[in-house]
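Have a look at the structure below before the remarks.
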Amino acid sequence: MKPQAPDDAPPLGLAIHLLGPPRVERGGSQVPAPRGHKVWGLLAYLVRSEAPVSRKHLAGLLFEDAEDPLAALRWNLSELRRLLGNADLRGDLLALGLEPASYVDLGAVLSGSWAQALCVPGLDRELLEGMNFSGSPAFEVWLATERRHLQAAAEAVLREAAQARMAAGAMAEAAALAGRLVRQNPLDENYQALLVRSLAAAGDGVGAARQAAACRELFQRELGVQPGATLDAAQRTLTAAPTARPATGRAAALAQLEAGEAAISAGALDAGVQCLRRAIAEADATGDAVLRARTRVALGGALVHAARGRDEEGATALHEALEVGHDVSPVLAAAACRELGYVEFLRGRYERTLAWLQRARPLAGEDRAELARIATVFGSALSDTAHYASAIALLREAGTLAAAAGDNKQLAYALSMLGRALLLHGEIDGAAGALDRSVALAQQGWTAFVPWPQSLRAEIDLLQGDVEAAAHRFEHAFALGSQLGDPCWEGIAGRGLGRVAMARGEPQRAVEILTDALARCTRLPDAYLWGKGHALDALCGVAVAQAMPQASAWVNEMQELAARSGMRELTVRACLHRAALGDSASAAAAKLLAGQIDNPALRALAGL
């Protein structure tokens with residue numbers, strides 16, 4: 001089921017708390033705990049299931065160690081009905097049908113607003129804290145996956161809350177939230193930069209400098225590397241920091257806005273960003289809410305799309321745009337929400353992506369160009385999380401909207417993502433057609449985009465056995481991506497070149513290329529996380545097949561990334577790699593998880 005998030009604090013009806021030590025409350029009073037912790041495991045699994053689950057499946061998952069698994073399931077279901085009070089849970093297919101007013105803490109974290117999530121008592125706690133299910137190894141793998149994912153979801157809402165409070169001028173609150181975030185995950189460079197930026201914005205320059213120094217020492221000690229330019233930028237950059245004070249009003253704001261957009265379009269990023277910062281200051285002096293929002297959307301979009309490693313700063317500008325212009329310009333608000341969703345999409349925070357896009361869609365009205373952009377990001381996020389049927393339908397809709405709006409760049413992008421979804425789903429002919437159209441459109445006026453659809457098209461050459469054609473496309477994509485300095489393009493093309501080396505019988509060369517591709521695609525903290533997972537999948541495949549000593553560590557890394565983000569197909573593939581290393585529980589978990597995904601090719605790999 002998909003639990004409904006509350007509008008505020010938990011109501012006095014049914015309240016299910018699964019983060020931390022689990023408990024159920026009715027009417028504000030805690031219900032006596034059930035006998036046996038498998039009731040809690042059953043409840044957590046049903047809460048997170050997107051479709052009804054058969055009794056046979058549940059019996060095999062949680063009660064395989066029982067003498068009579070189905071009888072054990074019946075007893076636990078009776079306990080669960082007693083615990084919940086009004087759950088039906090009868091018949092062969094079981095789904096948790098709760099009243100709309102029921103509260104589930106997981107729903108608040110995964111699909112509620114940041115304000116709702118902050119009210120969750122166990123936000124910083126683990127799912128079913130303190131419980132283990134050693135007699136049910138496949139369930140243990142599922143639970144470990146869910147725990148990673150919910151930890152990442154909690155971090156995502158804390159990050160969003162900190163950015164929103166900063167945009168509202170509540171800098172001390174933002175710094176407190178960012179500090180909480182860093183305590184949860186100190187090795188995330190974006191989180192460290194957010195804390196440094198919020199301290200600097202609060203006027204605590206000494207605290208910001210100390211935090212930056214502590215971050216550098218931590219990264220060097222734990223990772224053997226220094227953090228990138230994102231941390232340095234956080235110490236010195238506020239969203240509107242022009243070189244001179246505003247003095248000339250609306251006309252000057254528009255002039256600076258146009259100059260900034262033109263400079264960025266021409267590739268002069270630093271000059272363009274400075275113009276846009278000046279435009280914000282000029283707009284603020286006019287008091288025109290629409291102009292203030294427009295300049296912030298322009299700066300936020302530039303930092304997200306054109307400035308490598310500056311997504312977090314761009315997100316702050318976009319939050320400010322919503323703060324000043326949400327009520328006066330719905331289309332600008334839609335653009336800001338969509339861009340914020342795109343930032344979340346890149347980093348694999350898909351629940352937050354969908355929340356922003358669902359907010360953006362009604363604001364876009366009948367603006368076909370904006371609707372096309374929203375649908376493209378929405379469909380891409382669904383593809384990343386292996387909801388292929390919905391993704392393909394949305395991406396086709398995005399292409400239709402982009403074509404109707406006359407936006408060939410957006411059409412090329414939508415077609416590339418459609419081609420990728422079709423490719424991952426095993427629809428090779430449809431994928432080839434979409435990707436060929438995307439490459440052709442990009443070659444007509446968007447050369448910087450060509451490496452992405454070209455690399456995906458080369459994957460089809462490999463699948464069809466044409467290694468030389470694939471090599472030619474990948475080499476061209478890699479060369480162009482390297483010239484542009486784009487980590488994503490370098491990573492996807494480098495992954496392909498590694499697969500070419502494997503096809504040519506050069507496994508050691510393949511590993512060298514794939515490890516280089518991984519380093520390239522992750523050299524910035526805001527690079528596309530799915531690309532890293534995709535490259536890791538190829539690397540794990542080679543390492544496992546060649547019985548390399550690093551195989552287990554790489555599989556661990558892939559499993560952690562896929563689980564935290566909710567990349568369901570990559571989670572299955574990680575389990576299959578782990579199974580190939582001799583882990584029978586991972587083999588069972590792969591079947592369990594693959595059975596929930598509509599992808600015949602993946603199900604065949606999992607043995608279904």
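Each chain of the structure tokens is named A, B, ... in the order shown, its residues numbered from 1; ligands are numbered from 1 in display order.
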Mind dumping a table of every stretch 265-368 of chain A residue within 12 Å of stretch 145-152 of chain A, with the nearest atom pair and its distance in Å to one decimal, using only C-alpha atoms, sorted by chain and rising number, as a tab-separated table?
```
residue	atom	partner	partner_atom	distance
A:Glu344	CA	A:Ala152	CA	11.9
A:Arg347	CA	A:Ala152	CA	10.7
A:Gly348	CA	A:Ala152	CA	9.5
A:Arg349	CA	A:Ala152	CA	7.7
A:Tyr350	CA	A:Ala152	CA	10.4
A:Glu351	CA	A:Ala152	CA	10.4
A:Arg352	CA	A:Ala152	CA	10.9
```
Would you export the selected residues with N, CA and C atoms as a PDB file, in the first residue's frame, please?
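And here's result-v9.pdb as it stands now:
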```pdb
ATOM      1  N   GLU A 344      16.847  16.664  -7.505  1.00  0.00           N
ATOM      2  CA  GLU A 344      16.619  15.435  -6.738  1.00  0.00           C
ATOM      3  C   GLU A 344      16.772  14.200  -7.626  1.00  0.00           C
ATOM      4  N   ARG A 347      20.401  13.070  -8.157  1.00  0.00           N
ATOM      5  CA  ARG A 347      21.022  12.454  -6.994  1.00  0.00           C
ATOM      6  C   ARG A 347      20.267  11.237  -6.478  1.00  0.00           C
ATOM      7  N   GLY A 348      19.281  10.762  -7.241  1.00  0.00           N
ATOM      8  CA  GLY A 348      18.606   9.531  -6.872  1.00  0.00           C
ATOM      9  C   GLY A 348      17.669   9.645  -5.693  1.00  0.00           C
ATOM     10  N   ARG A 349      17.172  10.863  -5.425  1.00  0.00           N
ATOM     11  CA  ARG A 349      16.184  11.044  -4.343  1.00  0.00           C
ATOM     12  C   ARG A 349      14.801  11.090  -5.001  1.00  0.00           C
ATOM     13  N   TYR A 350      14.317   9.933  -5.405  1.00  0.00           N
ATOM     14  CA  TYR A 350      13.181   9.893  -6.334  1.00  0.00           C
ATOM     15  C   TYR A 350      11.852  10.269  -5.693  1.00  0.00           C
ATOM     16  N   GLU A 351      11.647   9.933  -4.428  1.00  0.00           N
ATOM     17  CA  GLU A 351      10.389  10.357  -3.798  1.00  0.00           C
ATOM     18  C   GLU A 351      10.277  11.880  -3.775  1.00  0.00           C
ATOM     19  N   ARG A 352      11.412  12.551  -3.491  1.00  0.00           N
ATOM     20  CA  ARG A 352      11.394  14.016  -3.501  1.00  0.00           C
ATOM     21  C   ARG A 352      11.204  14.531  -4.927  1.00  0.00           C
TER      22      ARG A 352
END
```
Hey, what's within 12 Å of A:Ala563 if we count only C-alpha atoms and toss same-chain stuff fewer than 2 positions away? As a ChimeraX atom specification, please?
/A:141-153,348-350,385,530,533,555-561,565-575,593
Can you write just those residues out, N, CA and C atoms, as a JSON list (two decimals), in the first residue's frame?
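Output file result.json follows:
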```json
[["chain", "number", "residue", "atom", "x", "y", "z"],
["A", 141, "VAL", "N", 17.49, -9.61, 3.57],
["A", 141, "VAL", "CA", 18.03, -8.80, 2.47],
["A", 141, "VAL", "C", 17.07, -7.68, 2.13],
["A", 142, "TRP", "N", 15.76, -8.00, 2.05],
["A", 142, "TRP", "CA", 14.75, -6.97, 1.77],
["A", 142, "TRP", "C", 14.79, -5.88, 2.84],
["A", 143, "LEU", "N", 14.87, -6.29, 4.10],
["A", 143, "LEU", "CA", 14.84, -5.32, 5.19],
["A", 143, "LEU", "C", 16.08, -4.42, 5.16],
["A", 144, "ALA", "N", 17.24, -5.00, 4.88],
["A", 144, "ALA", "CA", 18.46, -4.20, 4.78],
["A", 144, "ALA", "C", 18.33, -3.17, 3.66],
["A", 145, "THR", "N", 17.71, -3.57, 2.55],
["A", 145, "THR", "CA", 17.50, -2.66, 1.42],
["A", 145, "THR", "C", 16.58, -1.52, 1.83],
["A", 146, "GLU", "N", 15.48, -1.85, 2.50],
["A", 146, "GLU", "CA", 14.53, -0.82, 2.93],
["A", 146, "GLU", "C", 15.14, 0.12, 3.97],
["A", 147, "ARG", "N", 15.95, -0.42, 4.86],
["A", 147, "ARG", "CA", 16.58, 0.43, 5.86],
["A", 147, "ARG", "C", 17.49, 1.47, 5.19],
["A", 148, "ARG", "N", 18.27, 1.03, 4.22],
["A", 148, "ARG", "CA", 19.13, 1.98, 3.50],
["A", 148, "ARG", "C", 18.30, 3.04, 2.80],
["A", 149, "HIS", "N", 17.21, 2.60, 2.18],
["A", 149, "HIS", "CA", 16.39, 3.53, 1.41],
["A", 149, "HIS", "C", 15.73, 4.56, 2.32],
["A", 150, "LEU", "N", 15.23, 4.12, 3.44],
["A", 150, "LEU", "CA", 14.55, 5.05, 4.35],
["A", 150, "LEU", "C", 15.54, 5.99, 5.03],
["A", 151, "GLN", "N", 16.75, 5.53, 5.28],
["A", 151, "GLN", "CA", 17.77, 6.44, 5.81],
["A", 151, "GLN", "C", 18.05, 7.54, 4.80],
["A", 152, "ALA", "N", 18.18, 7.16, 3.52],
["A", 152, "ALA", "CA", 18.42, 8.17, 2.48],
["A", 152, "ALA", "C", 17.23, 9.12, 2.35],
["A", 153, "ALA", "N", 16.01, 8.59, 2.49],
["A", 153, "ALA", "CA", 14.82, 9.44, 2.39],
["A", 153, "ALA", "C", 14.78, 10.44, 3.55],
["A", 348, "GLY", "N", 19.28, 10.76, -7.24],
["A", 348, "GLY", "CA", 18.61, 9.53, -6.87],
["A", 348, "GLY", "C", 17.67, 9.64, -5.69],
["A", 349, "ARG", "N", 17.17, 10.86, -5.43],
["A", 349, "ARG", "CA", 16.18, 11.04, -4.34],
["A", 349, "ARG", "C", 14.80, 11.09, -5.00],
["A", 350, "TYR", "N", 14.32, 9.93, -5.40],
["A", 350, "TYR", "CA", 13.18, 9.89, -6.33],
["A", 350, "TYR", "C", 11.85, 10.27, -5.69],
["A", 385, "THR", "N", 13.67, 3.99, -11.54],
["A", 385, "THR", "CA", 13.17, 3.13, -10.46],
["A", 385, "THR", "C", 12.42, 1.91, -10.98],
["A", 530, "TRP", "N", 22.37, 7.58, -11.24],
["A", 530, "TRP", "CA", 22.03, 6.36, -11.97],
["A", 530, "TRP", "C", 23.19, 5.95, -12.88],
["A", 533, "GLY", "N", 25.54, 3.93, -10.92],
["A", 533, "GLY", "CA", 25.02, 2.59, -10.69],
["A", 533, "GLY", "C", 25.10, 1.72, -11.93],
["A", 555, "VAL", "N", 30.41, -5.00, -5.42],
["A", 555, "VAL", "CA", 29.00, -5.38, -5.29],
["A", 555, "VAL", "C", 28.38, -4.68, -4.08],
["A", 556, "ASN", "N", 29.12, -4.62, -2.98],
["A", 556, "ASN", "CA", 28.62, -3.90, -1.80],
["A", 556, "ASN", "C", 28.31, -2.44, -2.15],
["A", 557, "GLU", "N", 29.20, -1.81, -2.88],
["A", 557, "GLU", "CA", 29.01, -0.40, -3.25],
["A", 557, "GLU", "C", 27.78, -0.24, -4.12],
["A", 558, "MET", "N", 27.61, -1.15, -5.07],
["A", 558, "MET", "CA", 26.44, -1.09, -5.96],
["A", 558, "MET", "C", 25.15, -1.32, -5.17],
["A", 559, "GLN", "N", 25.19, -2.29, -4.28],
["A", 559, "GLN", "CA", 23.99, -2.62, -3.50],
["A", 559, "GLN", "C", 23.58, -1.45, -2.60],
["A", 560, "GLU", "N", 24.57, -0.81, -1.99],
["A", 560, "GLU", "CA", 24.29, 0.34, -1.13],
["A", 560, "GLU", "C", 23.68, 1.49, -1.93],
["A", 561, "LEU", "N", 24.28, 1.80, -3.08],
["A", 561, "LEU", "CA", 23.78, 2.90, -3.91],
["A", 561, "LEU", "C", 22.36, 2.63, -4.39],
["A", 565, "SER", "N", 18.78, 4.68, -3.01],
["A", 565, "SER", "CA", 18.06, 5.52, -3.96],
["A", 565, "SER", "C", 16.71, 4.94, -4.37],
["A", 566, "GLY", "N", 16.56, 3.61, -4.28],
["A", 566, "GLY", "CA", 15.33, 2.99, -4.76],
["A", 566, "GLY", "C", 15.40, 2.62, -6.23],
["A", 567, "MET", "N", 16.62, 2.43, -6.77],
["A", 567, "MET", "CA", 16.79, 1.94, -8.14],
["A", 567, "MET", "C", 16.54, 0.44, -8.13],
["A", 568, "ARG", "N", 15.30, 0.07, -8.37],
["A", 568, "ARG", "CA", 14.87, -1.31, -8.11],
["A", 568, "ARG", "C", 15.57, -2.33, -9.00],
["A", 569, "GLU", "N", 15.71, -2.03, -10.28],
["A", 569, "GLU", "CA", 16.37, -3.01, -11.15],
["A", 569, "GLU", "C", 17.84, -3.17, -10.77],
["A", 570, "LEU", "N", 18.52, -2.08, -10.47],
["A", 570, "LEU", "CA", 19.92, -2.20, -10.07],
["A", 570, "LEU", "C", 20.05, -2.92, -8.73],
["A", 571, "THR", "N", 19.04, -2.81, -7.87],
["A", 571, "THR", "CA", 19.06, -3.58, -6.62],
["A", 571, "THR", "C", 18.98, -5.07, -6.93],
["A", 572, "VAL", "N", 18.11, -5.46, -7.85],
["A", 572, "VAL", "CA", 18.03, -6.87, -8.25],
["A", 572, "VAL", "C", 19.35, -7.33, -8.84],
["A", 573, "ARG", "N", 19.92, -6.52, -9.71],
["A", 573, "ARG", "CA", 21.19, -6.90, -10.35],
["A", 573, "ARG", "C", 22.32, -7.03, -9.33],
["A", 574, "ALA", "N", 22.32, -6.17, -8.33],
["A", 574, "ALA", "CA", 23.32, -6.29, -7.27],
["A", 574, "ALA", "C", 23.14, -7.60, -6.51],
["A", 575, "CYS", "N", 21.89, -7.96, -6.23],
["A", 575, "CYS", "CA", 21.62, -9.25, -5.56],
["A", 575, "CYS", "C", 22.07, -10.42, -6.43],
["A", 593, "LEU", "N", 12.48, -9.59, -5.46],
["A", 593, "LEU", "CA", 12.43, -8.21, -5.93],
["A", 593, "LEU", "C", 12.12, -8.14, -7.42]]
```
Residues within 12 Å of A:Arg81, only C-alpha atoms, excluding chain neighbours under 4 positions, as a ChimeraX atom specification:
/A:24,31,34,39-40,42-43,74-77,85-90,96-98
Mind writing the picked residues with N, CA and C atoms as a PDB file, in the first residue's frame?
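Wrote again_19.pdb, looks like this:
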```
ATOM      1  N   VAL A  24       2.099   0.726  17.514  1.00  0.00           N
ATOM      2  CA  VAL A  24       0.836   1.148  16.912  1.00  0.00           C
ATOM      3  C   VAL A  24       0.023   1.843  17.990  1.00  0.00           C
ATOM      4  N   VAL A  31      -1.173   0.513  21.503  1.00  0.00           N
ATOM      5  CA  VAL A  31      -1.763  -0.830  21.525  1.00  0.00           C
ATOM      6  C   VAL A  31      -0.715  -1.811  22.038  1.00  0.00           C
ATOM      7  N   PRO A  34       2.345  -7.077  19.692  1.00  0.00           N
ATOM      8  CA  PRO A  34       1.996  -8.466  19.364  1.00  0.00           C
ATOM      9  C   PRO A  34       3.069  -9.425  19.872  1.00  0.00           C
ATOM     10  N   VAL A  39       5.357 -10.353  13.213  1.00  0.00           N
ATOM     11  CA  VAL A  39       4.161  -9.549  12.929  1.00  0.00           C
ATOM     12  C   VAL A  39       4.597  -8.170  12.427  1.00  0.00           C
ATOM     13  N   TRP A  40       5.631  -7.612  13.066  1.00  0.00           N
ATOM     14  CA  TRP A  40       6.131  -6.311  12.629  1.00  0.00           C
ATOM     15  C   TRP A  40       6.772  -6.400  11.244  1.00  0.00           C
ATOM     16  N   LEU A  42       5.902  -8.489   8.910  1.00  0.00           N
ATOM     17  CA  LEU A  42       4.775  -8.624   7.994  1.00  0.00           C
ATOM     18  C   LEU A  42       4.122  -7.269   7.734  1.00  0.00           C
ATOM     19  N   LEU A  43       3.935  -6.490   8.794  1.00  0.00           N
ATOM     20  CA  LEU A  43       3.330  -5.172   8.650  1.00  0.00           C
ATOM     21  C   LEU A  43       4.206  -4.263   7.784  1.00  0.00           C
ATOM     22  N   ARG A  74      -0.955 -17.600   8.960  1.00  0.00           N
ATOM     23  CA  ARG A  74      -2.324 -17.357   9.440  1.00  0.00           C
ATOM     24  C   ARG A  74      -2.309 -16.815  10.862  1.00  0.00           C
ATOM     25  N   TRP A  75      -1.482 -17.399  11.708  1.00  0.00           N
ATOM     26  CA  TRP A  75      -1.415 -16.941  13.098  1.00  0.00           C
ATOM     27  C   TRP A  75      -0.920 -15.492  13.168  1.00  0.00           C
ATOM     28  N   ASN A  76       0.095 -15.191  12.405  1.00  0.00           N
ATOM     29  CA  ASN A  76       0.647 -13.834  12.417  1.00  0.00           C
ATOM     30  C   ASN A  76      -0.329 -12.817  11.824  1.00  0.00           C
ATOM     31  N   LEU A  77      -1.097 -13.235  10.830  1.00  0.00           N
ATOM     32  CA  LEU A  77      -2.122 -12.339  10.282  1.00  0.00           C
ATOM     33  C   LEU A  77      -3.203 -12.049  11.315  1.00  0.00           C
ATOM     34  N   GLY A  85      -6.735  -3.460  14.367  1.00  0.00           N
ATOM     35  CA  GLY A  85      -8.123  -3.210  14.752  1.00  0.00           C
ATOM     36  C   GLY A  85      -9.111  -3.287  13.609  1.00  0.00           C
ATOM     37  N   ASN A  86      -8.775  -2.751  12.434  1.00  0.00           N
ATOM     38  CA  ASN A  86      -9.784  -2.706  11.367  1.00  0.00           C
ATOM     39  C   ASN A  86      -9.246  -3.190  10.019  1.00  0.00           C
ATOM     40  N   ALA A  87      -8.104  -3.873  10.004  1.00  0.00           N
ATOM     41  CA  ALA A  87      -7.547  -4.352   8.732  1.00  0.00           C
ATOM     42  C   ALA A  87      -8.260  -5.631   8.309  1.00  0.00           C
ATOM     43  N   ASP A  88      -8.591  -5.740   7.036  1.00  0.00           N
ATOM     44  CA  ASP A  88      -9.289  -6.916   6.534  1.00  0.00           C
ATOM     45  C   ASP A  88      -8.327  -8.106   6.470  1.00  0.00           C
ATOM     46  N   LEU A  89      -7.350  -8.036   5.579  1.00  0.00           N
ATOM     47  CA  LEU A  89      -6.285  -9.032   5.473  1.00  0.00           C
ATOM     48  C   LEU A  89      -6.825 -10.458   5.418  1.00  0.00           C
ATOM     49  N   ARG A  90      -7.804 -10.651   4.526  1.00  0.00           N
ATOM     50  CA  ARG A  90      -8.322 -11.998   4.292  1.00  0.00           C
ATOM     51  C   ARG A  90      -8.292 -12.277   2.800  1.00  0.00           C
ATOM     52  N   LEU A  96      -2.840  -4.052   2.494  1.00  0.00           N
ATOM     53  CA  LEU A  96      -3.158  -3.351   3.721  1.00  0.00           C
ATOM     54  C   LEU A  96      -4.087  -2.186   3.402  1.00  0.00           C
ATOM     55  N   GLY A  97      -5.395  -2.389   3.590  1.00  0.00           N
ATOM     56  CA  GLY A  97      -6.359  -1.340   3.288  1.00  0.00           C
ATOM     57  C   GLY A  97      -6.666  -0.521   4.528  1.00  0.00           C
ATOM     58  N   LEU A  98      -5.957   0.570   4.711  1.00  0.00           N
ATOM     59  CA  LEU A  98      -6.161   1.428   5.879  1.00  0.00           C
ATOM     60  C   LEU A  98      -7.111   2.567   5.553  1.00  0.00           C
TER      61      LEU A  98
END
```
Tell me, as a PyMOL selection string, which residues lie within 10 Å of A:Ala164, counting only C-alpha atoms; anything in the same chain fewer than 3 positions away does not count.
chain A and resi 114+158-161+167-171+173-174+315-316+318-320+322-323
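Here atom CA of A:Leu605 and atom CA of A:Ala545 stand 15.0 Å from one another.
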Might you pull out every residue within 12 Å of A:Ala538, with only C-alpha atoms counted and same-chain residues fewer than 3 positions away left off, and present them as a ChimeraX atom specification?
/A:491-492,494-502,507,510-511,513-515,517-518,531-535,541-545,551,554-555,558,570,573-574,577
For atom CA of A:Gln596 and atom CA of A:Leu539, the interatomic separation in Å (one decimal)
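If I compute the distance from atom CA of A:Gln596 to atom CA of A:Leu539, I get 25.1 Å.
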Would you mind listing what lies within 9 Å of A:Tyr413 as a list in words, with only C-alpha atoms counted and same-chain residues fewer than 5 positions away left out?
Thr376, Gly399, Asn408, Leu418, Ser438, Ala442, Phe449 and Pro453 of chain A
Could you name the residues that touch A:Ala432 at 12 Å or less, counting only C-alpha atoms, but leaving out those on the same chain fewer than 5 positions away, as a list of chain:residue names?
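Counting only C-alpha atoms, the residues come to A:Leu415, A:Ser416, A:Met417, A:Leu418, A:Gly419, A:Arg420, A:Ala421, A:Leu422, A:Leu423, A:Leu424, A:Gly426, A:Glu427, A:Arg437, A:Ser438, A:Val439, A:Pro453, A:Gln454, A:Ser455, A:Leu456, A:Arg457, A:Ala458, A:Glu459, A:Ile460, A:Asp461, A:Leu463, A:Gln464.
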For the selection you just gave me, I'd like the residues written to a file as a PDB file, in the first residue's frame, keeping N, CA and C atoms.
```pdb
ATOM      1  N   LEU A 415      13.155  11.972 -26.200  1.00  0.00           N
ATOM      2  CA  LEU A 415      13.362  10.768 -27.011  1.00  0.00           C
ATOM      3  C   LEU A 415      14.527   9.929 -26.484  1.00  0.00           C
ATOM      4  N   SER A 416      15.572  10.592 -25.977  1.00  0.00           N
ATOM      5  CA  SER A 416      16.708   9.829 -25.434  1.00  0.00           C
ATOM      6  C   SER A 416      16.276   9.038 -24.206  1.00  0.00           C
ATOM      7  N   MET A 417      15.464   9.642 -23.355  1.00  0.00           N
ATOM      8  CA  MET A 417      15.019   8.951 -22.151  1.00  0.00           C
ATOM      9  C   MET A 417      13.983   7.869 -22.483  1.00  0.00           C
ATOM     10  N   LEU A 418      13.168   8.130 -23.504  1.00  0.00           N
ATOM     11  CA  LEU A 418      12.248   7.095 -23.971  1.00  0.00           C
ATOM     12  C   LEU A 418      13.036   5.910 -24.516  1.00  0.00           C
ATOM     13  N   GLY A 419      14.056   6.201 -25.327  1.00  0.00           N
ATOM     14  CA  GLY A 419      14.884   5.128 -25.881  1.00  0.00           C
ATOM     15  C   GLY A 419      15.553   4.321 -24.792  1.00  0.00           C
ATOM     16  N   ARG A 420      16.045   5.002 -23.760  1.00  0.00           N
ATOM     17  CA  ARG A 420      16.680   4.285 -22.657  1.00  0.00           C
ATOM     18  C   ARG A 420      15.685   3.378 -21.940  1.00  0.00           C
ATOM     19  N   ALA A 421      14.472   3.882 -21.651  1.00  0.00           N
ATOM     20  CA  ALA A 421      13.466   3.063 -20.963  1.00  0.00           C
ATOM     21  C   ALA A 421      13.098   1.836 -21.799  1.00  0.00           C
ATOM     22  N   LEU A 422      12.922   2.039 -23.092  1.00  0.00           N
ATOM     23  CA  LEU A 422      12.602   0.910 -23.969  1.00  0.00           C
ATOM     24  C   LEU A 422      13.758  -0.089 -24.022  1.00  0.00           C
ATOM     25  N   LEU A 423      14.981   0.412 -24.056  1.00  0.00           N
ATOM     26  CA  LEU A 423      16.161  -0.457 -24.062  1.00  0.00           C
ATOM     27  C   LEU A 423      16.227  -1.295 -22.794  1.00  0.00           C
ATOM     28  N   LEU A 424      16.048  -0.664 -21.641  1.00  0.00           N
ATOM     29  CA  LEU A 424      16.109  -1.390 -20.375  1.00  0.00           C
ATOM     30  C   LEU A 424      14.983  -2.417 -20.262  1.00  0.00           C
ATOM     31  N   GLY A 426      13.827  -4.096 -22.755  1.00  0.00           N
ATOM     32  CA  GLY A 426      14.016  -5.131 -23.767  1.00  0.00           C
ATOM     33  C   GLY A 426      13.304  -4.887 -25.077  1.00  0.00           C
ATOM     34  N   GLU A 427      12.772  -3.673 -25.291  1.00  0.00           N
ATOM     35  CA  GLU A 427      12.082  -3.344 -26.552  1.00  0.00           C
ATOM     36  C   GLU A 427      13.090  -2.683 -27.494  1.00  0.00           C
ATOM     37  N   ARG A 437      16.372   9.067 -33.641  1.00  0.00           N
ATOM     38  CA  ARG A 437      15.735  10.388 -33.783  1.00  0.00           C
ATOM     39  C   ARG A 437      16.363  11.393 -32.824  1.00  0.00           C
ATOM     40  N   SER A 438      16.665  10.959 -31.613  1.00  0.00           N
ATOM     41  CA  SER A 438      17.274  11.855 -30.641  1.00  0.00           C
ATOM     42  C   SER A 438      18.648  12.321 -31.110  1.00  0.00           C
ATOM     43  N   VAL A 439      19.471  11.403 -31.598  1.00  0.00           N
ATOM     44  CA  VAL A 439      20.805  11.768 -32.095  1.00  0.00           C
ATOM     45  C   VAL A 439      20.686  12.746 -33.254  1.00  0.00           C
ATOM     46  N   PRO A 453      22.489  10.182 -26.102  1.00  0.00           N
ATOM     47  CA  PRO A 453      21.746   9.217 -26.921  1.00  0.00           C
ATOM     48  C   PRO A 453      22.659   8.349 -27.779  1.00  0.00           C
ATOM     49  N   GLN A 454      23.815   8.875 -28.179  1.00  0.00           N
ATOM     50  CA  GLN A 454      24.725   8.082 -28.998  1.00  0.00           C
ATOM     51  C   GLN A 454      25.269   6.881 -28.220  1.00  0.00           C
ATOM     52  N   SER A 455      25.586   7.076 -26.942  1.00  0.00           N
ATOM     53  CA  SER A 455      26.058   5.956 -26.115  1.00  0.00           C
ATOM     54  C   SER A 455      24.967   4.920 -25.913  1.00  0.00           C
ATOM     55  N   LEU A 456      23.752   5.383 -25.684  1.00  0.00           N
ATOM     56  CA  LEU A 456      22.639   4.445 -25.519  1.00  0.00           C
ATOM     57  C   LEU A 456      22.386   3.672 -26.809  1.00  0.00           C
ATOM     58  N   ARG A 457      22.509   4.373 -27.944  1.00  0.00           N
ATOM     59  CA  ARG A 457      22.326   3.690 -29.238  1.00  0.00           C
ATOM     60  C   ARG A 457      23.407   2.637 -29.457  1.00  0.00           C
ATOM     61  N   ALA A 458      24.621   2.921 -28.986  1.00  0.00           N
ATOM     62  CA  ALA A 458      25.708   1.952 -29.115  1.00  0.00           C
ATOM     63  C   ALA A 458      25.445   0.695 -28.294  1.00  0.00           C
ATOM     64  N   GLU A 459      24.712   0.837 -27.180  1.00  0.00           N
ATOM     65  CA  GLU A 459      24.342  -0.348 -26.392  1.00  0.00           C
ATOM     66  C   GLU A 459      23.531  -1.327 -27.244  1.00  0.00           C
ATOM     67  N   ILE A 460      22.705  -0.782 -28.119  1.00  0.00           N
ATOM     68  CA  ILE A 460      21.911  -1.645 -28.992  1.00  0.00           C
ATOM     69  C   ILE A 460      22.808  -2.370 -29.984  1.00  0.00           C
ATOM     70  N   ASP A 461      23.819  -1.670 -30.526  1.00  0.00           N
ATOM     71  CA  ASP A 461      24.780  -2.344 -31.401  1.00  0.00           C
ATOM     72  C   ASP A 461      25.410  -3.538 -30.695  1.00  0.00           C
ATOM     73  N   LEU A 463      24.181  -5.288 -28.173  1.00  0.00           N
ATOM     74  CA  LEU A 463      23.178  -6.337 -28.002  1.00  0.00           C
ATOM     75  C   LEU A 463      22.946  -7.113 -29.285  1.00  0.00           C
ATOM     76  N   GLN A 464      23.092  -6.436 -30.412  1.00  0.00           N
ATOM     77  CA  GLN A 464      22.884  -7.080 -31.717  1.00  0.00           C
ATOM     78  C   GLN A 464      24.151  -7.716 -32.276  1.00  0.00           C
TER      79      GLN A 464
END
```
